[in-house]
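Here is data.pdb, consisting of PDB, C-alpha atoms:
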```
ATOM      1  CA  LEU A 775     120.185 100.140 116.456  1.00  0.00           C
ATOM      2  CA  ARG A 776     119.992  96.432 116.878  1.00  0.00           C
ATOM      3  CA  VAL A 777     116.612  95.071 115.974  1.00  0.00           C
ATOM      4  CA  GLN A 778     115.470  91.495 116.001  1.00  0.00           C
ATOM      5  CA  ALA A 779     112.484  90.896 113.759  1.00  0.00           C
ATOM      6  CA  GLN A 780     109.550  89.866 115.901  1.00  0.00           C
ATOM      7  CA  PRO A 781     105.939  91.068 115.975  1.00  0.00           C
ATOM      8  CA  SER A 782     106.035  91.826 119.700  1.00  0.00           C
ATOM      9  CA  LEU A 783     108.574  94.542 118.895  1.00  0.00           C
ATOM     10  CA  ILE A 784     105.926  96.533 117.027  1.00  0.00           C
ATOM     11  CA  VAL A 785     103.411  96.115 119.839  1.00  0.00           C
ATOM     12  CA  ASP A 786     106.033  97.288 122.349  1.00  0.00           C
ATOM     13  CA  LEU A 787     106.697 100.422 120.278  1.00  0.00           C
ATOM     14  CA  PHE A 788     103.039 101.385 120.377  1.00  0.00           C
ATOM     15  CA  ILE A 789     102.765 100.601 124.088  1.00  0.00           C
ATOM     16  CA  TYR A 790     105.469 103.207 124.676  1.00  0.00           C
ATOM     17  CA  LEU A 791     103.707 105.690 122.407  1.00  0.00           C
ATOM     18  CA  GLU A 792     100.359 105.138 124.162  1.00  0.00           C
ATOM     19  CA  ASP A 793     101.836 105.680 127.619  1.00  0.00           C
ATOM     20  CA  ARG A 794      99.995 108.578 129.238  1.00  0.00           C
ATOM     21  CA  GLY A 795     103.195 110.111 130.580  1.00  0.00           C
ATOM     22  CA  ILE A 796     104.752 110.172 127.126  1.00  0.00           C
ATOM     23  CA  ARG A 797     101.609 111.482 125.417  1.00  0.00           C
ATOM     24  CA  ILE A 798     101.067 114.303 127.934  1.00  0.00           C
ATOM     25  CA  ASN A 799     104.733 115.315 128.207  1.00  0.00           C
ATOM     26  CA  LYS A 800     105.132 118.796 126.816  1.00  0.00           C
ATOM     27  CA  ASP A 801     108.845 118.485 126.081  1.00  0.00           C
ATOM     28  CA  GLY A 802     108.355 116.571 122.843  1.00  0.00           C
ATOM     29  CA  LEU A 803     109.025 113.166 124.361  1.00  0.00           C
ATOM     30  CA  GLN A 804     106.384 111.491 122.203  1.00  0.00           C
ATOM     31  CA  SER A 805     107.975 112.978 119.081  1.00  0.00           C
ATOM     32  CA  CYS A 806     111.348 111.636 120.159  1.00  0.00           C
ATOM     33  CA  VAL A 807     109.959 108.155 120.824  1.00  0.00           C
ATOM     34  CA  ALA A 808     108.087 108.286 117.487  1.00  0.00           C
ATOM     35  CA  CYS A 809     111.339 109.074 115.640  1.00  0.00           C
ATOM     36  CA  VAL A 810     113.065 106.126 117.283  1.00  0.00           C
ATOM     37  CA  ALA A 811     110.040 103.936 116.488  1.00  0.00           C
ATOM     38  CA  GLU A 812     110.236 104.926 112.806  1.00  0.00           C
ATOM     39  CA  ARG A 813     113.894 103.932 112.633  1.00  0.00           C
ATOM     40  CA  ILE A 814     113.232 100.636 114.407  1.00  0.00           C
ATOM     41  CA  PHE A 815     110.323  99.851 112.084  1.00  0.00           C
ATOM     42  CA  GLU A 816     112.504 100.537 109.033  1.00  0.00           C
ATOM     43  CA  GLN A 817     115.063  98.051 110.360  1.00  0.00           C
ATOM     44  CA  TYR A 818     112.291  95.547 111.074  1.00  0.00           C
ATOM     45  CA  LEU A 819     111.103  95.754 107.448  1.00  0.00           C
ATOM     46  CA  VAL A 820     114.642  95.278 106.149  1.00  0.00           C
ATOM     47  CA  GLN A 821     115.117  92.199 108.320  1.00  0.00           C
ATOM     48  CA  MET A 822     111.781  90.737 107.267  1.00  0.00           C
ATOM     49  CA  ALA A 823     112.631  91.342 103.605  1.00  0.00           C
ATOM     50  CA  ASP A 824     115.945  89.518 104.071  1.00  0.00           C
ATOM     51  CA  GLN A 825     114.267  86.453 105.588  1.00  0.00           C
ATOM     52  CA  PRO A 826     113.212  83.641 103.282  1.00  0.00           C
ATOM     53  CA  ARG A 827     109.497  83.665 102.612  1.00  0.00           C
ATOM     54  CA  SER A 828     107.725  81.082 104.739  1.00  0.00           C
ATOM     55  CA  VAL A 829     104.324  80.457 106.271  1.00  0.00           C
ATOM     56  CA  ALA A 830     105.594  81.726 109.635  1.00  0.00           C
ATOM     57  CA  SER A 831     107.029  84.946 108.210  1.00  0.00           C
ATOM     58  CA  GLU A 832     103.854  85.605 106.213  1.00  0.00           C
ATOM     59  CA  LYS A 833     101.728  85.110 109.331  1.00  0.00           C
ATOM     60  CA  GLU A 834     103.982  87.481 111.246  1.00  0.00           C
ATOM     61  CA  LEU A 835     103.645  90.151 108.545  1.00  0.00           C
ATOM     62  CA  GLU A 836      99.873  89.686 108.528  1.00  0.00           C
ATOM     63  CA  ASP A 837      99.761  90.007 112.333  1.00  0.00           C
ATOM     64  CA  VAL A 838     101.743  93.240 112.196  1.00  0.00           C
ATOM     65  CA  ALA A 839      99.569  94.612 109.369  1.00  0.00           C
ATOM     66  CA  ILE A 840      96.389  93.856 111.334  1.00  0.00           C
ATOM     67  CA  TYR A 841      97.847  95.469 114.455  1.00  0.00           C
ATOM     68  CA  LEU A 842      98.797  98.575 112.457  1.00  0.00           C
ATOM     69  CA  LEU A 843      95.245  98.776 111.095  1.00  0.00           C
ATOM     70  CA  MET A 844      93.941  98.686 114.673  1.00  0.00           C
ATOM     71  CA  GLN A 845      96.380 101.433 115.691  1.00  0.00           C
ATOM     72  CA  PHE A 846      95.326 103.491 112.682  1.00  0.00           C
ATOM     73  CA  ASN A 847      91.946 103.817 114.407  1.00  0.00           C
ATOM     74  CA  ASN A 848      93.570 104.837 117.705  1.00  0.00           C
ATOM     75  CA  ARG A 849      91.382 107.386 119.459  1.00  0.00           C
ATOM     76  CA  LEU A 850      93.964 108.372 122.069  1.00  0.00           C
ATOM     77  CA  SER A 851      96.311 110.200 119.769  1.00  0.00           C
ATOM     78  CA  LYS A 852      96.293 111.436 116.189  1.00  0.00           C
ATOM     79  CA  LYS A 853     100.077 111.134 116.216  1.00  0.00           C
ATOM     80  CA  ILE A 854      99.830 107.386 116.929  1.00  0.00           C
ATOM     81  CA  SER A 855      97.225 107.036 114.193  1.00  0.00           C
ATOM     82  CA  ARG A 856      99.438 108.873 111.686  1.00  0.00           C
ATOM     83  CA  LEU A 857     102.456 106.803 112.685  1.00  0.00           C
ATOM     84  CA  ALA A 858     100.492 103.563 112.207  1.00  0.00           C
ATOM     85  CA  ASP A 859      99.379 104.846 108.794  1.00  0.00           C
ATOM     86  CA  THR A 860     103.002 105.582 107.853  1.00  0.00           C
ATOM     87  CA  PHE A 861     104.149 102.167 109.055  1.00  0.00           C
ATOM     88  CA  PHE A 862     101.338 100.427 107.171  1.00  0.00           C
ATOM     89  CA  SER A 863     102.171 102.363 103.994  1.00  0.00           C
ATOM     90  CA  ASN A 864     105.857 101.465 104.274  1.00  0.00           C
ATOM     91  CA  MET A 865     104.917  97.847 104.839  1.00  0.00           C
ATOM     92  CA  ALA A 866     102.660  97.911 101.766  1.00  0.00           C
ATOM     93  CA  VAL A 867     105.563  99.131  99.626  1.00  0.00           C
ATOM     94  CA  LYS A 868     107.878  96.308 100.722  1.00  0.00           C
ATOM     95  CA  PHE A 869     105.235  93.582 101.056  1.00  0.00           C
ATOM     96  CA  PRO A 870     102.259  94.458  98.801  1.00  0.00           C
ATOM     97  CA  HIS A 871     100.985  90.879  98.894  1.00  0.00           C
ATOM     98  CA  VAL A 872     100.245  91.229 102.609  1.00  0.00           C
ATOM     99  CA  LEU A 873      97.580  93.850 101.866  1.00  0.00           C
ATOM    100  CA  TRP A 874      95.617  91.284  99.922  1.00  0.00           C
ATOM    101  CA  SER A 875      95.990  88.363 102.285  1.00  0.00           C
ATOM    102  CA  ARG A 876      92.712  86.945 103.466  1.00  0.00           C
ATOM    103  CA  ARG A 877      93.378  87.698 107.152  1.00  0.00           C
ATOM    104  CA  VAL A 878      94.255  91.343 106.515  1.00  0.00           C
ATOM    105  CA  VAL A 879      91.323  91.946 104.149  1.00  0.00           C
ATOM    106  CA  PHE A 880      88.864  90.463 106.655  1.00  0.00           C
ATOM    107  CA  ALA A 881      90.362  92.601 109.437  1.00  0.00           C
ATOM    108  CA  LEU A 882      89.651  95.827 107.517  1.00  0.00           C
ATOM    109  CA  PRO A 883      85.942  96.198 108.444  1.00  0.00           C
ATOM    110  CA  GLU A 884      86.619  95.514 112.109  1.00  0.00           C
TER     111      GLU A 884
END
```

How does this structure look as structure tokens?
Amino acid sequence: LRVQAQPSLIVDLFIYLEDRGIRINKDGLQSCVACVAERIFEQYLVQMADQPRSVASEKELEDVAIYLLMQFNNRLSKKISRLADTFFSNMAVKFPHVLWSRRVVFALPE
């Protein structure tokens, strides 16, 4: 898989997962898309870890963390919520400082 680190990539993954046709499909399509999303997110984290730390990269990580927190509260699908939880946990392992950034902490109650 070729992945270019960008926050819109994560949003696009969840847009696919939230698609009604994918969620309702009884042939396991959502599970398949979720597996691909997990692999893509792993690659995203590797690429972000390889980038030099900068204000822009920190903001991007914070944006993704906040988005994952929003998806964790997804009422459409427990599978999406669990996937967001997994992604957030993986992100916390690689970038623990993001959990304590001001923007992410203030996004928690929302």

One decimal, Å: what's the distance from CA of Tyr841 in chain A over to CA of Val785 in chain A, could you say? 7.8 Å

Suppose you want the space between CA of Glu834 in chain A and CA of Tyr790 in chain A; what is it in Å?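 Between these atoms lies a distance of 20.7 Å.
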
Range 798-808 of chain A environment, 12 Å, all atoms listed in the file, sequence neighbours closer than 4 positions dropped, as a ChimeraX atom specification: /A:784,786-794,812-815,850-858,860-861

For Val838 in chain A, which of A:Gly795, A:Ser875, A:Met865, A:Cys809 is the closest residue, counting all atoms listed in the file? A:Met865

Between CA of Asp837 in chain A and CA of Arg877 in chain A lies a distance of 8.5 Å

Can you give me, as a list in words, the residues this file yields under the PyMOL selection byres ((chain A and resi 833) around 12)?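 With the shown file as input, the PyMOL selection byres ((chain A and resi 833) around 12) matches Gln780, Pro781, Met822, Arg827, Ser828, Val829, Ala830, Ser831, Glu832, Glu834, Leu835, Glu836, Asp837, Val838, Ala839, Ile840, His871, Val872, Ser875, Arg876, Arg877 and Val878 of chain A.
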
Because some atoms of range 800-831 of chain A are absent here, can you restore N, CA and C atoms and send them as a PDB file, in the coordinates of the input?
```
ATOM      1  N   LYS A 800     105.093 117.619 127.681  1.00  0.00           N
ATOM      2  CA  LYS A 800     105.132 118.796 126.816  1.00  0.00           C
ATOM      3  C   LYS A 800     106.512 119.050 126.208  1.00  0.00           C
ATOM      4  N   ASP A 801     107.487 118.262 126.561  1.00  0.00           N
ATOM      5  CA  ASP A 801     108.845 118.485 126.081  1.00  0.00           C
ATOM      6  C   ASP A 801     109.152 117.750 124.782  1.00  0.00           C
ATOM      7  N   GLY A 802     108.133 117.244 124.115  1.00  0.00           N
ATOM      8  CA  GLY A 802     108.355 116.571 122.843  1.00  0.00           C
ATOM      9  C   GLY A 802     108.831 115.134 122.988  1.00  0.00           C
ATOM     10  N   LEU A 803     108.576 114.534 124.138  1.00  0.00           N
ATOM     11  CA  LEU A 803     109.025 113.166 124.361  1.00  0.00           C
ATOM     12  C   LEU A 803     108.359 112.190 123.387  1.00  0.00           C
ATOM     13  N   GLN A 804     107.065 112.391 123.128  1.00  0.00           N
ATOM     14  CA  GLN A 804     106.384 111.491 122.203  1.00  0.00           C
ATOM     15  C   GLN A 804     106.982 111.606 120.799  1.00  0.00           C
ATOM     16  N   SER A 805     107.349 112.802 120.392  1.00  0.00           N
ATOM     17  CA  SER A 805     107.975 112.978 119.081  1.00  0.00           C
ATOM     18  C   SER A 805     109.310 112.250 119.011  1.00  0.00           C
ATOM     19  N   CYS A 806     110.057 112.320 120.099  1.00  0.00           N
ATOM     20  CA  CYS A 806     111.348 111.636 120.159  1.00  0.00           C
ATOM     21  C   CYS A 806     111.160 110.122 120.069  1.00  0.00           C
ATOM     22  N   VAL A 807     110.231 109.598 120.848  1.00  0.00           N
ATOM     23  CA  VAL A 807     109.959 108.155 120.824  1.00  0.00           C
ATOM     24  C   VAL A 807     109.435 107.750 119.450  1.00  0.00           C
ATOM     25  N   ALA A 808     108.618 108.588 118.820  1.00  0.00           N
ATOM     26  CA  ALA A 808     108.087 108.286 117.487  1.00  0.00           C
ATOM     27  C   ALA A 808     109.218 108.217 116.452  1.00  0.00           C
ATOM     28  N   CYS A 809     110.197 109.106 116.563  1.00  0.00           N
ATOM     29  CA  CYS A 809     111.339 109.074 115.640  1.00  0.00           C
ATOM     30  C   CYS A 809     112.146 107.787 115.795  1.00  0.00           C
ATOM     31  N   VAL A 810     112.357 107.382 117.029  1.00  0.00           N
ATOM     32  CA  VAL A 810     113.065 106.126 117.283  1.00  0.00           C
ATOM     33  C   VAL A 810     112.239 104.956 116.747  1.00  0.00           C
ATOM     34  N   ALA A 811     110.927 105.002 116.966  1.00  0.00           N
ATOM     35  CA  ALA A 811     110.040 103.936 116.488  1.00  0.00           C
ATOM     36  C   ALA A 811     110.095 103.825 114.965  1.00  0.00           C
ATOM     37  N   GLU A 812     110.145 104.962 114.269  1.00  0.00           N
ATOM     38  CA  GLU A 812     110.236 104.926 112.806  1.00  0.00           C
ATOM     39  C   GLU A 812     111.511 104.226 112.358  1.00  0.00           C
ATOM     40  N   ARG A 813     112.603 104.547 112.994  1.00  0.00           N
ATOM     41  CA  ARG A 813     113.894 103.932 112.633  1.00  0.00           C
ATOM     42  C   ARG A 813     113.870 102.427 112.914  1.00  0.00           C
ATOM     43  N   ILE A 814     113.321 102.053 114.045  1.00  0.00           N
ATOM     44  CA  ILE A 814     113.232 100.636 114.407  1.00  0.00           C
ATOM     45  C   ILE A 814     112.339  99.893 113.415  1.00  0.00           C
ATOM     46  N   PHE A 815     111.221 100.513 113.032  1.00  0.00           N
ATOM     47  CA  PHE A 815     110.323  99.851 112.084  1.00  0.00           C
ATOM     48  C   PHE A 815     110.980  99.684 110.720  1.00  0.00           C
ATOM     49  N   GLU A 816     111.763 100.667 110.296  1.00  0.00           N
ATOM     50  CA  GLU A 816     112.504 100.537 109.033  1.00  0.00           C
ATOM     51  C   GLU A 816     113.439  99.332 109.084  1.00  0.00           C
ATOM     52  N   GLN A 817     114.154  99.186 110.198  1.00  0.00           N
ATOM     53  CA  GLN A 817     115.063  98.051 110.360  1.00  0.00           C
ATOM     54  C   GLN A 817     114.293  96.734 110.382  1.00  0.00           C
ATOM     55  N   TYR A 818     113.140  96.736 111.021  1.00  0.00           N
ATOM     56  CA  TYR A 818     112.291  95.547 111.074  1.00  0.00           C
ATOM     57  C   TYR A 818     111.907  95.114 109.652  1.00  0.00           C
ATOM     58  N   LEU A 819     111.494  96.074 108.827  1.00  0.00           N
ATOM     59  CA  LEU A 819     111.103  95.754 107.448  1.00  0.00           C
ATOM     60  C   LEU A 819     112.275  95.206 106.645  1.00  0.00           C
ATOM     61  N   VAL A 820     113.449  95.773 106.849  1.00  0.00           N
ATOM     62  CA  VAL A 820     114.642  95.278 106.149  1.00  0.00           C
ATOM     63  C   VAL A 820     114.926  93.840 106.555  1.00  0.00           C
ATOM     64  N   GLN A 821     114.861  93.566 107.849  1.00  0.00           N
ATOM     65  CA  GLN A 821     115.117  92.199 108.320  1.00  0.00           C
ATOM     66  C   GLN A 821     114.074  91.222 107.794  1.00  0.00           C
ATOM     67  N   MET A 822     112.822  91.637 107.769  1.00  0.00           N
ATOM     68  CA  MET A 822     111.781  90.737 107.267  1.00  0.00           C
ATOM     69  C   MET A 822     111.959  90.490 105.766  1.00  0.00           C
ATOM     70  N   ALA A 823     112.405  91.506 105.036  1.00  0.00           N
ATOM     71  CA  ALA A 823     112.631  91.342 103.605  1.00  0.00           C
ATOM     72  C   ALA A 823     113.802  90.400 103.335  1.00  0.00           C
ATOM     73  N   ASP A 824     114.773  90.381 104.229  1.00  0.00           N
ATOM     74  CA  ASP A 824     115.945  89.518 104.071  1.00  0.00           C
ATOM     75  C   ASP A 824     115.655  88.061 104.430  1.00  0.00           C
ATOM     76  N   GLN A 825     114.607  87.825 105.201  1.00  0.00           N
ATOM     77  CA  GLN A 825     114.267  86.453 105.588  1.00  0.00           C
ATOM     78  C   GLN A 825     113.652  85.716 104.402  1.00  0.00           C
ATOM     79  N   PRO A 826     113.891  84.413 104.336  1.00  0.00           N
ATOM     80  CA  PRO A 826     113.212  83.641 103.282  1.00  0.00           C
ATOM     81  C   PRO A 826     111.699  83.632 103.547  1.00  0.00           C
ATOM     82  N   ARG A 827     110.961  83.656 102.483  1.00  0.00           N
ATOM     83  CA  ARG A 827     109.497  83.665 102.612  1.00  0.00           C
ATOM     84  C   ARG A 827     109.022  82.307 103.103  1.00  0.00           C
ATOM     85  N   SER A 828     108.254  82.319 104.174  1.00  0.00           N
ATOM     86  CA  SER A 828     107.725  81.082 104.739  1.00  0.00           C
ATOM     87  C   SER A 828     106.334  81.355 105.297  1.00  0.00           C
ATOM     88  N   VAL A 829     105.659  80.311 105.684  1.00  0.00           N
ATOM     89  CA  VAL A 829     104.324  80.457 106.271  1.00  0.00           C
ATOM     90  C   VAL A 829     104.417  81.274 107.558  1.00  0.00           C
ATOM     91  N   ALA A 830     105.434  81.009 108.361  1.00  0.00           N
ATOM     92  CA  ALA A 830     105.594  81.726 109.635  1.00  0.00           C
ATOM     93  C   ALA A 830     105.865  83.212 109.409  1.00  0.00           C
ATOM     94  N   SER A 831     106.727  83.529 108.451  1.00  0.00           N
ATOM     95  CA  SER A 831     107.029  84.946 108.210  1.00  0.00           C
ATOM     96  C   SER A 831     105.822  85.675 107.611  1.00  0.00           C
TER      97      SER A 831
END
```
